[in-house]
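Source file upload-v7.pdb; content: PDB, C-alpha atoms.
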ATOM      1  CA  MET A   1      43.878 130.968  59.297
ATOM      2  CA  ASP A   2      41.176 133.189  57.818
ATOM      3  CA  GLN A   3      37.562 132.183  57.443
ATOM      4  CA  ALA A   4      37.729 131.358  53.728
ATOM      5  CA  ALA A   5      40.742 129.089  54.255
ATOM      6  CA  GLN A   6      39.020 127.443  57.204
ATOM      7  CA  SER A   7      35.859 126.661  55.260
ATOM      8  CA  GLN A   8      37.979 125.348  52.366
ATOM      9  CA  ASN A   9      39.809 123.077  54.823
ATOM     10  CA  GLN A  10      36.514 121.743  56.154
ATOM     11  CA  ARG A  11      35.210 121.161  52.649
ATOM     12  CA  GLU A  12      38.403 119.261  51.784
ATOM     13  CA  ALA A  13      38.328 117.207  54.980
ATOM     14  CA  ALA A  14      34.741 116.147  54.217
ATOM     15  CA  LEU A  15      35.651 115.201  50.627
ATOM     16  CA  ILE A  16      38.729 113.260  51.771
ATOM     17  CA  ALA A  17      36.649 111.304  54.297
ATOM     18  CA  ARG A  18      34.114 110.350  51.603
ATOM     19  CA  ILE A  19      36.854 109.337  49.133
ATOM     20  CA  LYS A  20      38.578 107.198  51.783
ATOM     21  CA  ALA A  21      35.194 105.615  52.478
ATOM     22  CA  GLY A  22      34.979 104.525  48.838
ATOM     23  CA  ASP A  23      33.493 107.388  46.835
ATOM     24  CA  ARG A  24      36.621 107.509  44.624
ATOM     25  CA  GLY A  25      35.045 109.562  41.865
ATOM     26  CA  LEU A  26      35.079 112.613  44.164
ATOM     27  CA  PHE A  27      38.873 112.763  43.934
ATOM     28  CA  TYR A  28      38.723 114.897  40.804
ATOM     29  CA  ASP A  29      36.617 117.507  42.654
ATOM     30  CA  LEU A  30      39.111 117.464  45.509
ATOM     31  CA  ILE A  31      42.187 118.125  43.370
ATOM     32  CA  LYS A  32      40.606 120.332  40.709
ATOM     33  CA  PRO A  33      41.694 123.629  42.370
ATOM     34  CA  TYR A  34      45.314 122.411  42.605
ATOM     35  CA  GLN A  35      46.054 121.341  39.033
ATOM     36  CA  ARG A  36      48.080 124.445  38.250
ATOM     37  CA  THR A  37      49.981 124.328  41.572
ATOM     38  CA  VAL A  38      50.942 120.680  41.121
ATOM     39  CA  TYR A  39      51.945 121.257  37.503
ATOM     40  CA  ALA A  40      54.005 124.297  38.543
ATOM     41  CA  ALA A  41      55.745 122.308  41.297
ATOM     42  CA  ALA A  42      56.717 119.593  38.806
ATOM     43  CA  TYR A  43      57.834 122.255  36.318
ATOM     44  CA  SER A  44      59.965 123.920  38.981
ATOM     45  CA  VAL A  45      62.098 120.769  39.203
ATOM     46  CA  LEU A  46      62.091 119.701  35.556
ATOM     47  CA  GLY A  47      62.038 123.001  33.670
ATOM     48  CA  ASN A  48      60.025 121.826  30.664
ATOM     49  CA  PRO A  49      56.267 121.562  30.097
ATOM     50  CA  THR A  50      56.080 118.029  28.671
ATOM     51  CA  ASP A  51      57.961 116.319  31.503
ATOM     52  CA  ALA A  52      56.163 118.534  34.017
ATOM     53  CA  GLU A  53      52.750 117.391  32.752
ATOM     54  CA  ASP A  54      53.778 113.711  32.928
ATOM     55  CA  ALA A  55      55.112 114.090  36.458
ATOM     56  CA  ALA A  56      52.093 116.132  37.597
ATOM     57  CA  GLN A  57      49.597 113.580  36.286
ATOM     58  CA  GLU A  58      51.538 110.729  37.854
ATOM     59  CA  ALA A  59      51.622 112.672  41.132
ATOM     60  CA  PHE A  60      47.818 112.932  41.140
ATOM     61  CA  LEU A  61      47.473 109.174  40.593
ATOM     62  CA  LYS A  62      49.902 108.549  43.472
ATOM     63  CA  ALA A  63      47.999 110.974  45.685
ATOM     64  CA  LEU A  64      44.814 109.020  45.041
ATOM     65  CA  THR A  65      46.516 105.692  45.740
ATOM     66  CA  HIS A  66      48.091 107.005  48.958
ATOM     67  CA  LEU A  67      45.256 109.236  50.163
ATOM     68  CA  GLY A  68      44.907 106.942  53.180
ATOM     69  CA  GLN A  69      48.322 108.192  54.347
ATOM     70  CA  PHE A  70      47.320 111.849  54.303
ATOM     71  CA  ARG A  71      47.152 113.255  57.829
ATOM     72  CA  SER A  72      44.641 116.001  58.453
ATOM     73  CA  GLU A  73      47.171 118.058  60.468
ATOM     74  CA  ALA A  74      48.969 118.732  57.196
ATOM     75  CA  LYS A  75      47.754 121.125  54.540
ATOM     76  CA  PHE A  76      46.361 119.130  51.614
ATOM     77  CA  SER A  77      47.860 121.427  48.959
ATOM     78  CA  THR A  78      51.329 121.194  50.549
ATOM     79  CA  TRP A  79      51.022 117.394  50.619
ATOM     80  CA  LEU A  80      50.188 117.400  46.905
ATOM     81  CA  VAL A  81      53.114 119.703  46.149
ATOM     82  CA  GLN A  82      55.477 117.373  48.017
ATOM     83  CA  ILE A  83      54.265 114.393  45.988
ATOM     84  CA  ALA A  84      54.736 116.358  42.757
ATOM     85  CA  LEU A  85      58.274 117.425  43.728
ATOM     86  CA  ASN A  86      59.182 113.824  44.611
ATOM     87  CA  GLU A  87      57.733 112.496  41.390
ATOM     88  CA  ALA A  88      59.651 115.085  39.356
ATOM     89  CA  ARG A  89      62.930 114.323  41.154
ATOM     90  CA  LEU A  90      62.416 110.609  40.634
ATOM     91  CA  ARG A  91      62.286 111.290  36.895
ATOM     92  CA  ILE A  92      65.570 113.196  36.982
ATOM     93  CA  ARG A  93      67.243 110.361  38.874
ATOM     94  CA  LYS A  94      65.905 107.768  36.411
ATOM     95  CA  GLU A  95      67.148 109.832  33.478
ATOM     96  CA  ARG A  96      70.613 110.132  34.949
ATOM     97  CA  LYS A  97      70.911 106.441  35.674
ATOM     98  CA  GLY A  98      73.251 104.893  33.146
ATOM     99  CA  LEU A  99      75.103 108.083  32.389
ATOM    100  CA  TYR A 100      78.840 107.830  33.036
ATOM    101  CA  THR A 101      79.009 111.102  34.893
ATOM    102  CA  SER A 102      76.445 113.445  36.254
ATOM    103  CA  ILE A 103      76.358 116.535  34.100
ATOM    104  CA  ASP A 104      76.042 118.998  36.936
ATOM    105  CA  GLU A 105      77.565 117.234  39.888
ATOM    106  CA  GLY A 106      77.148 119.365  42.983
ATOM    107  CA  ALA A 107      74.820 121.748  41.206
ATOM    108  CA  GLN A 108      72.267 121.430  43.979
ATOM    109  CA  ASP A 109      74.484 123.245  46.474
ATOM    110  CA  ASP A 110      73.743 126.835  47.299
ATOM    111  CA  ASP A 111      76.042 129.194  45.472
ATOM    112  CA  GLY A 112      77.746 132.129  47.129
ATOM    113  CA  GLU A 113      76.486 135.667  47.196
ATOM    114  CA  TYR A 114      74.944 137.033  44.047
ATOM    115  CA  PHE A 115      75.206 140.559  42.811
ATOM    116  CA  PRO A 116      73.188 142.068  39.959
ATOM    117  CA  MET A 117      74.965 142.007  36.627
ATOM    118  CA  ASP A 118      73.856 145.363  35.402
ATOM    119  CA  TYR A 119      71.738 148.268  36.435
ATOM    120  CA  ALA A 120      69.455 148.711  33.493
ATOM    121  CA  ASP A 121      66.671 150.972  34.550
ATOM    122  CA  TRP A 122      63.291 149.337  34.490
ATOM    123  CA  ARG A 123      60.773 151.498  36.236
ATOM    124  CA  GLU A 124      57.615 151.054  34.239
ATOM    125  CA  ILE A 125      55.584 148.109  33.064
ATOM    126  CA  PRO A 126      52.965 149.290  30.596
ATOM    127  CA  SER A 127      50.013 147.064  31.394
ATOM    128  CA  GLU A 128      49.469 146.040  27.770
ATOM    129  CA  THR A 129      52.945 144.526  27.800
ATOM    130  CA  LEU A 130      51.709 141.869  30.219
ATOM    131  CA  GLN A 131      49.580 140.483  27.417
ATOM    132  CA  ARG A 132      52.392 140.129  24.989
ATOM    133  CA  LYS A 133      53.486 136.752  23.817
ATOM    134  CA  GLU A 134      57.092 137.913  23.693
ATOM    135  CA  LEU A 135      57.040 138.817  27.348
ATOM    136  CA  LYS A 136      55.581 135.472  28.338
ATOM    137  CA  GLU A 137      58.233 133.705  26.294
ATOM    138  CA  ALA A 138      60.984 135.805  27.831
ATOM    139  CA  LEU A 139      59.687 134.910  31.303
ATOM    140  CA  GLN A 140      59.574 131.233  30.402
ATOM    141  CA  ARG A 141      63.102 131.306  28.972
ATOM    142  CA  ALA A 142      64.423 133.054  32.073
ATOM    143  CA  LEU A 143      62.640 130.558  34.320
ATOM    144  CA  ALA A 144      63.870 127.547  32.342
ATOM    145  CA  ALA A 145      67.452 128.849  32.552
ATOM    146  CA  LEU A 146      67.493 128.899  36.373
ATOM    147  CA  LYS A 147      69.056 126.014  38.256
ATOM    148  CA  PRO A 148      66.371 123.828  39.878
ATOM    149  CA  ILE A 149      67.180 124.875  43.455
ATOM    150  CA  TYR A 150      66.385 128.481  42.535
ATOM    151  CA  ARG A 151      63.478 127.723  40.209
ATOM    152  CA  GLU A 152      61.800 125.635  42.926
ATOM    153  CA  VAL A 153      61.647 128.402  45.532
ATOM    154  CA  LEU A 154      60.769 131.060  42.952
ATOM    155  CA  VAL A 155      57.867 129.098  41.459
ATOM    156  CA  LEU A 156      56.413 127.961  44.778
ATOM    157  CA  ARG A 157      56.764 131.358  46.396
ATOM    158  CA  ASP A 158      56.308 133.924  43.619
ATOM    159  CA  VAL A 159      54.111 132.113  41.090
ATOM    160  CA  GLU A 160      52.083 129.877  43.403
ATOM    161  CA  HIS A 161      52.194 132.197  46.435
ATOM    162  CA  LEU A 162      53.099 129.633  49.077
ATOM    163  CA  SER A 163      54.309 131.310  52.285
ATOM    164  CA  ILE A 164      57.957 131.035  53.365
ATOM    165  CA  ALA A 165      56.896 128.383  55.921
ATOM    166  CA  GLU A 166      54.924 126.373  53.345
ATOM    167  CA  THR A 167      57.778 126.573  50.825
ATOM    168  CA  SER A 168      60.201 125.396  53.512
ATOM    169  CA  ALA A 169      57.896 122.463  54.400
ATOM    170  CA  ALA A 170      57.283 121.465  50.776
ATOM    171  CA  LEU A 171      60.984 121.496  49.834
ATOM    172  CA  ASP A 172      62.169 120.169  53.207
ATOM    173  CA  ILE A 173      64.754 122.932  53.569
ATOM    174  CA  SER A 174      65.098 125.585  56.298
ATOM    175  CA  GLU A 175      63.291 128.904  56.071
ATOM    176  CA  ALA A 176      66.711 130.587  56.014
ATOM    177  CA  SER A 177      67.609 128.562  52.891
ATOM    178  CA  VAL A 178      64.277 129.486  51.271
ATOM    179  CA  LYS A 179      65.056 133.173  51.819
ATOM    180  CA  THR A 180      68.653 132.942  50.588
ATOM    181  CA  ARG A 181      67.673 131.067  47.438
ATOM    182  CA  LEU A 182      64.724 133.350  46.836
ATOM    183  CA  LEU A 183      66.869 136.487  46.899
ATOM    184  CA  ARG A 184      69.241 134.979  44.373
ATOM    185  CA  ALA A 185      66.456 133.613  42.182
ATOM    186  CA  ARG A 186      64.692 136.973  42.096
ATOM    187  CA  LEU A 187      67.882 138.886  41.266
ATOM    188  CA  MET A 188      68.755 136.428  38.503
ATOM    189  CA  MET A 189      65.261 136.719  37.022
ATOM    190  CA  ARG A 190      65.544 140.486  37.054
ATOM    191  CA  ASP A 191      68.950 140.324  35.403
ATOM    192  CA  ALA A 192      67.520 138.079  32.713
ATOM    193  CA  LEU A 193      64.504 140.291  32.080
ATOM    194  CA  ALA A 194      65.487 143.901  32.746
ATOM    195  CA  PRO A 195      67.758 144.519  29.740
ATOM    196  CA  GLY A 196      65.141 143.190  27.377
ATOM    197  CA  PHE A 197      62.413 145.323  28.773
ATOM    198  CA  ASP A 198      61.831 147.660  25.874
ATOM    199  CA  GLY A 199      58.569 146.204  24.647
ATOM    200  CA  SER A 200      60.212 144.132  21.961
ATOM    201  CA  TRP A 201      62.692 141.895  23.797
ATOM    202  CA  SER A 202      64.877 142.278  20.796
ATOM    203  CA  MET A 203      68.634 142.530  21.212
ATOM    204  CA  GLY A 204      68.942 144.692  18.125
ATOM    205  CA  SER A 205      66.472 147.318  19.266
ATOM    206  CA  PRO A 206      67.676 150.848  20.096
ATOM    207  CA  THR A 207      66.370 150.596  23.671
ATOM    208  CA  TYR A 208      68.302 147.422  24.284
ATOM    209  CA  LYS A 209      71.454 149.091  22.992
ATOM    210  CA  LYS A 210      70.830 152.032  25.278
ATOM    211  CA  VAL A 211      70.557 149.935  28.435
ATOM    212  CA  ARG A 212      73.283 147.519  27.393
ATOM    213  CA  PRO A 213      75.614 149.482  25.158
ATOM    214  CA  PHE A 214      78.534 147.024  25.289
TER     215      PHE A 214
ATOM    216  CA  MET B 215      62.341 161.330  59.474
ATOM    217  CA  THR B 216      64.959 162.894  57.222
ATOM    218  CA  ASP B 217      67.694 160.963  55.465
ATOM    219  CA  ARG B 218      70.269 162.611  57.697
ATOM    220  CA  ASN B 219      68.943 160.772  60.736
ATOM    221  CA  ILE B 220      69.231 157.384  59.062
ATOM    222  CA  LEU B 221      72.415 155.385  59.195
ATOM    223  CA  GLU B 222      73.676 154.853  55.681
ATOM    224  CA  ILE B 223      73.996 151.365  54.256
ATOM    225  CA  SER B 224      76.120 150.089  51.389
ATOM    226  CA  CYS B 225      74.803 149.004  47.975
ATOM    227  CA  GLU B 226      75.784 145.446  48.818
ATOM    228  CA  HIS B 227      73.809 145.492  52.058
ATOM    229  CA  ALA B 228      70.800 147.082  50.327
ATOM    230  CA  ILE B 229      70.811 144.460  47.536
ATOM    231  CA  GLN B 230      71.069 141.590  50.020
ATOM    232  CA  GLN B 231      67.907 142.880  51.723
ATOM    233  CA  ILE B 232      65.845 143.502  48.570
ATOM    234  CA  SER B 233      63.984 140.214  48.682
ATOM    235  CA  ALA B 234      63.043 140.559  52.370
ATOM    236  CA  TYR B 235      62.114 144.202  51.703
ATOM    237  CA  LEU B 236      59.708 143.202  48.926
ATOM    238  CA  ASP B 237      58.170 140.517  51.157
ATOM    239  CA  GLY B 238      57.668 143.042  53.968
ATOM    240  CA  ASP B 239      59.809 140.698  56.071
ATOM    241  CA  ILE B 240      62.035 143.426  57.482
ATOM    242  CA  SER B 241      62.249 145.768  60.499
ATOM    243  CA  PRO B 242      60.887 149.330  60.119
ATOM    244  CA  GLU B 243      64.362 150.659  60.818
ATOM    245  CA  LEU B 244      66.028 148.628  58.039
ATOM    246  CA  ARG B 245      63.133 149.487  55.707
ATOM    247  CA  ALA B 246      63.793 153.195  56.287
ATOM    248  CA  ARG B 247      67.517 152.729  55.646
ATOM    249  CA  ILE B 248      66.894 150.910  52.376
ATOM    250  CA  GLU B 249      64.411 153.540  51.243
ATOM    251  CA  ALA B 250      66.900 156.286  52.070
ATOM    252  CA  HIS B 251      69.586 154.421  50.146
ATOM    253  CA  VAL B 252      67.539 153.942  46.969
ATOM    254  CA  ARG B 253      66.504 157.619  46.999
ATOM    255  CA  ASN B 254      70.156 158.474  46.529
ATOM    256  CA  CYS B 255      71.379 155.477  44.547
ATOM    257  CA  ARG B 256      70.168 155.176  40.976
ATOM    258  CA  HIS B 257      71.643 151.677  40.591
ATOM    259  CA  CYS B 258      69.963 150.136  43.601
ATOM    260  CA  ALA B 259      66.707 151.923  42.749
ATOM    261  CA  ALA B 260      66.811 150.259  39.313
ATOM    262  CA  VAL B 261      67.453 146.848  40.836
ATOM    263  CA  LEU B 262      64.658 147.316  43.359
ATOM    264  CA  ASP B 263      62.144 148.484  40.744
ATOM    265  CA  GLY B 264      63.150 145.756  38.310
ATOM    266  CA  THR B 265      62.892 143.035  40.942
ATOM    267  CA  SER B 266      59.518 144.349  42.001
ATOM    268  CA  ASN B 267      58.365 144.310  38.342
ATOM    269  CA  THR B 268      59.691 140.752  37.971
ATOM    270  CA  LEU B 269      57.557 139.667  40.930
ATOM    271  CA  ARG B 270      54.487 141.329  39.438
ATOM    272  CA  LEU B 271      55.002 139.472  36.169
ATOM    273  CA  LEU B 272      55.506 136.133  37.928
ATOM    274  CA  ALA B 273      52.531 136.667  40.244
ATOM    275  CA  ASP B 274      50.320 137.109  37.211
ATOM    276  CA  GLY B 275      50.681 133.321  36.848
ATOM    277  CA  ARG B 276      50.329 133.137  33.090
ATOM    278  CA  VAL B 277      53.985 132.227  32.805
ATOM    279  CA  LEU B 278      53.013 128.714  33.950
ATOM    280  CA  ASP B 279      49.633 128.123  32.363
ATOM    281  CA  LEU B 280      48.536 124.499  32.231
ATOM    282  CA  PRO B 281      49.240 122.931  28.831
ATOM    283  CA  ASP B 282      46.144 122.759  26.577
ATOM    284  CA  GLY B 283      44.035 119.685  27.371
ATOM    285  CA  PHE B 284      45.789 119.017  30.695
ATOM    286  CA  SER B 285      42.553 118.793  32.704
ATOM    287  CA  GLU B 286      40.853 116.506  30.186
ATOM    288  CA  ARG B 287      43.847 114.149  30.087
ATOM    289  CA  LEU B 288      44.055 114.124  33.887
ATOM    290  CA  HIS B 289      40.347 113.452  34.237
ATOM    291  CA  ALA B 290      40.569 110.543  31.795
ATOM    292  CA  ARG B 291      43.601 109.033  33.552
ATOM    293  CA  LEU B 292      41.969 109.302  36.968
ATOM    294  CA  ALA B 293      38.737 107.741  35.665
ATOM    295  CA  ALA B 294      40.699 104.828  34.144
ATOM    296  CA  HIS B 295      42.700 104.420  37.383
ATOM    297  CA  ILE B 296      39.544 104.394  39.517
ATOM    298  CA  ALA B 297      37.808 101.927  37.199
ATOM    299  CA  ALA B 298      40.789  99.565  37.544
ATOM    300  CA  GLU B 299      40.939  99.777  41.362
TER     301      GLU B 299
END

So that I can check it, write out the structure of this file as C-alpha cells.
Amino acid sequence: MDQAAQSQNQREAALIARIKAGDRGLFYDLIKPYQRTVYAAAYSVLGNPTDAEDAAQEAFLKALTHLGQFRSEAKFSTWLVQIALNEARLRIRKERKGLYTSIDEGAQDDDGEYFPMDYADWREIPSETLQRKELKEALQRALAALKPIYREVLVLRDVEHLSIAETSAALDISEASVKTRLLRARLMMRDALAPGFDGSWSMGSPTYKKVRPF
Amino acid sequence: MTDRNILEISCEHAIQQISAYLDGDISPELRARIEAHVRNCRHCAAVLDGTSNTLRLLADGRVLDLPDGFSERLHARLAAHIAAE
C-alpha cells in the first residue's frame, strides 16, 4: 500500500471510530469520496441511472445502519461496493417476483469464447471527440446493452479502477472469472463502439459505410 | 529481438490475451509474441488499438457521471435518517 492510501486508510479508520462512538453526522464526510463508485456499482447491476441512484442511496443508508459490522481488515470502499451490489441485486429479485418466468433464465452463466465481430480500424481518438455528447451516449448505450455479469466487471475494473483482486472480492467470484469476463466485456464494448467511430456515430455516414460496407 | 526469433501465435490466441496484455498482466515472452503478431496482422492490430481506445474512454469516467442533484439528495436522506435514529 502506498503512503497516500495508507494515510487515507488512517483518516477513514479515525472517522469510522468517531461515527461508531455517536458522531453520526460525520458519515457524510466518510462516504463523500465514494459516491460515484457506489453509484457505478449499482449501475453495473441495474443498467439504468434512475434505479442505480435509488439503490446507491439505499446502500449508503444501510452502510450507516450497519457500520458497526465493518471490520477494519477490509477495505472500506470495497465494503461499500459490496453493499451497493447486494442492494441492486435485491431490486432485480423483487422486480422478478410475481413474473411467471424469468426473462433471461441462466443469463448469469459465463458464455463461451468470444471473438470480435469485425475488424474496423480504429487507431486514433481525436481528443476533442472525448467531449462530444454523441460519444458519451454511444458509450452509455454500449454499456447498458451488456449483460450484467460483463457490465459488473467492466465498470468496477475499467471505470472505477478496482484491481483484479478487489473486483474479485467485491463480486465474490474468482480472479480467473474476473479476467475471463473482462476480456469478453472489453471485446464486446469495442465491437459496439469501433464501427461508429467516425466522429458522428451515424450509421448513414460515409465513414461508417467504409468500415462496415455490408 | 527480431520477429524471426519469436514463435508465431494465432489470431485466436492473440485475441484471447488482449485483455491481459492491456493490463500488463502477461509474461515478457508472450508480450513479445503478441507484439510481433500485431505488427503483421492488420485485423488483430485493429482489435488491439480499438480495445485500448475503449479502455481510455471508459477510464475517463464521464460515462458514469452522478445524476444531477445526487449528492444533495443523498445528504438530505442521510440527515433525515440520522435525525430519526

Any idea which chain A residues end up within 9 Å of chain B if we count all atoms listed in the file, as a ChimeraX atom specification please? /A:24-25,27-28,32,35-36,39-40,43,49-50,53,57,60-61,64,113-116,118-125,130,136-137,139-140,143,154-155,158-161,179-180,182-184,186-187,189-191,193-194

Point-to-point distance from atom CA of A:Ile19 to atom CA of A:Phe70, Å rounded to tenths: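 Taking atom CA of A:Ile19 as the start and atom CA of A:Phe70 as the end point, the length is 11.9 Å.
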
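The gap separating atom CA of A:Ala56 from atom CA of A:Ile31 is 11.6 Å, in Å to one decimal.
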
List the neighbours of A:Glu87 out to 12 Å using only C-alpha atoms; skip same-chain residues closer than 6 positions along the sequence, and give me the result as a ChimeraX atom specification. /A:38-39,41-46,51-63,80-81,93-94

So how far away is atom CA of A:Ala170 from atom CA of A:Gln82, in Å?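 Calculated distance between atom CA of A:Gln82 and atom CA of A:Ala170 is 5.3 Å.
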
Selected residue, from B:Glu222, B:His227, B:Ser241, B:Gly283, that lies nearest to B:Asn254 when counting all atoms listed in the file: B:Glu222

Output, as JSON, the centre and edge lengths in Å (one decimal) of the axis-aligned box that contains all listed atoms of stretch 248-260 of chain B with 6 Å of margin on each side.
{"center_x": 68.0, "center_y": 154.3, "center_z": 45.8, "size_x": 19.2, "size_y": 20.3, "size_z": 25.1}

If you count only C-alpha atoms, which residues fall within 12 Å of A:Arg181, apart from same-chain ones fewer than 4 positions away, as a ChimeraX atom specification? /A:108-114,146-157,164,167-168,171,173-177,185-188 /B:230,233-234

How would stretch 249-270 of chain B read, as a CSV table (one decimal), in the coordinates of the input, once N, CA and C atoms are built in?
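Generated file (selection.csv):
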chain,number,residue,atom,x,y,z
B,249,GLU,N,65.1,152.5,52.0
B,249,GLU,CA,64.4,153.5,51.2
B,249,GLU,C,65.3,154.8,51.1
B,250,ALA,N,66.0,155.1,52.2
B,250,ALA,CA,66.9,156.3,52.1
B,250,ALA,C,68.0,156.0,51.1
B,251,HIS,N,68.5,154.8,51.1
B,251,HIS,CA,69.6,154.4,50.1
B,251,HIS,C,69.1,154.5,48.7
B,252,VAL,N,68.0,154.0,48.4
B,252,VAL,CA,67.5,153.9,47.0
B,252,VAL,C,67.1,155.3,46.5
B,253,ARG,N,66.8,156.2,47.4
B,253,ARG,CA,66.5,157.6,47.0
B,253,ARG,C,67.8,158.3,46.4
B,254,ASN,N,68.9,157.8,46.9
B,254,ASN,CA,70.2,158.5,46.5
B,254,ASN,C,71.0,157.6,45.6
B,255,CYS,N,70.6,156.4,45.4
B,255,CYS,CA,71.4,155.5,44.5
B,255,CYS,C,70.6,155.0,43.4
B,256,ARG,N,70.9,155.5,42.2
B,256,ARG,CA,70.2,155.2,41.0
B,256,ARG,C,70.3,153.7,40.7
B,257,HIS,N,71.4,153.1,40.9
B,257,HIS,CA,71.6,151.7,40.6
B,257,HIS,C,70.7,150.8,41.4
B,258,CYS,N,70.8,151.0,42.7
B,258,CYS,CA,70.0,150.1,43.6
B,258,CYS,C,68.5,150.4,43.4
B,259,ALA,N,68.1,151.6,43.1
B,259,ALA,CA,66.7,151.9,42.7
B,259,ALA,C,66.3,151.1,41.5
B,260,ALA,N,67.1,151.0,40.5
B,260,ALA,CA,66.8,150.3,39.3
B,260,ALA,C,66.7,148.8,39.6
B,261,VAL,N,67.5,148.3,40.5
B,261,VAL,CA,67.5,146.8,40.8
B,261,VAL,C,66.2,146.6,41.6
B,262,LEU,N,65.9,147.5,42.6
B,262,LEU,CA,64.7,147.3,43.4
B,262,LEU,C,63.4,147.4,42.5
B,263,ASP,N,63.3,148.4,41.6
B,263,ASP,CA,62.1,148.5,40.7
B,263,ASP,C,62.0,147.3,39.8
B,264,GLY,N,63.2,146.9,39.2
B,264,GLY,CA,63.2,145.8,38.3
B,264,GLY,C,62.7,144.5,39.0
B,265,THR,N,63.2,144.3,40.2
B,265,THR,CA,62.9,143.0,40.9
B,265,THR,C,61.4,143.0,41.3
B,266,SER,N,60.9,144.2,41.7
B,266,SER,CA,59.5,144.3,42.0
B,266,SER,C,58.7,144.1,40.8
B,267,ASN,N,59.1,144.6,39.6
B,267,ASN,CA,58.4,144.3,38.3
B,267,ASN,C,58.4,142.8,38.0
B,268,THR,N,59.6,142.2,38.2
B,268,THR,CA,59.7,140.8,38.0
B,268,THR,C,58.7,140.0,38.8
B,269,LEU,N,58.5,140.4,40.1
B,269,LEU,CA,57.6,139.7,40.9
B,269,LEU,C,56.1,139.9,40.4
B,270,ARG,N,55.8,141.1,40.0
B,270,ARG,CA,54.5,141.3,39.4
B,270,ARG,C,54.2,140.4,38.2
